[in-house]
Amino acid sequence: MRTQKQLVIYQSILEVLQEPGCPFCRFLKEYQAARLQHHSEQDIHHLCNFHTWGLAAVQNALTAAEVFIHLVEEQAPISSDAADCDICKEVYAEEDRRIREFVSCIYRTGVADWLRGAPVLCIPHGIKLRRQVQPVVAARVDAIIENCRRQLTQELQSLRDKPEAERPGWGSLGRAAEFLVSQRGLHS
């Protein structure tokens, strides 16, 4: 998260299916940044470590200062438990809405085409998605995750095994982290 980053505000999970990476991570990353940029001091009472730093990074200085003044004046504004964090709660609720939206659209042409193409899912979102779909779609989700696992393993082995001057970009490390735990800050 960067100060004053121009955000893409998505309205539907369907809008991000053609973007690279896990569509749920992409949607929620933008949602999370937007929530941090547009909160007022009355909206935030508890923040986790990640979202405290995120607020400092994405808000303009005056807005962030107002929120932080409010938090400093409260008794226990910071919690190590994401379950207490106001932003985490909103992100989890939005994540649940987007997974339900995706499941409800599973037989639409765009979603079906995405599932048949070369989709990417992180493990956490793949697990959450497969819990809500029929067995045939769950098998496809498993295949997507296994394909991502194979590709990342190859990329990481290449990164590890090639001489330093010939190594591919370090982006595979970020992709591996996202695959394992989703985008930074979405799950604790």
# chains A, B, ... in the order shown; residues from 1 in each chain; ligands from 1
$ residues_around --residues "Leu186 (chain A)" --least-positions-apart "5" --cutoff "9 Å" --atoms "only C-alpha atoms" --output "PyMOL selection string"
chain A and resi 25+28-29+32+88+91-92+181
$ residues_around --residues "Glu101 (chain A)" --least-positions-apart "2" --cutoff "12 Å" --atoms "only C-alpha atoms" --output "PyMOL selection string"
chain A and resi 11-15+24+94-99+103-108+111+129+132-133
$ select_by_dssp --residues "region 89-181 of chain A" --states "helix (DSSP H, G or I)" --output "PyMOL selection string"
chain A and resi 89-104+109-116+123-130+135-161+164-166+171-181
$ atom_distance --atom1 "CA of Pro23 (chain A)" --atom2 "CA of Gln157 (chain A)"
25.4 Å
$ atom_distance --atom1 "CA of Ile9 (chain A)" --atom2 "CA of Ile127 (chain A)"
25.3 Å
$ closest_residue --among "A:Ala177, A:Leu47, A:Ala165, A:Val137" --to "Arg149 (chain A)" --atoms "only C-alpha atoms"
A:Ala177
$ residues_around --residues "Pro119 (chain A)" --least-positions-apart "4" --cutoff "7 Å" --atoms "only C-alpha atoms" --output "list in words"
Trp114, Leu115 and Ile144 of chain A
$ atom_distance --atom1 "CA of Leu36 (chain A)" --atom2 "CA of Thr63 (chain A)"
10.2 Å
$ closest_residue --among "A:Glu74, A:Asp142, A:Asp84, A:Glu164" --to "Leu121 (chain A)" --atoms "only C-alpha atoms"
A:Asp142
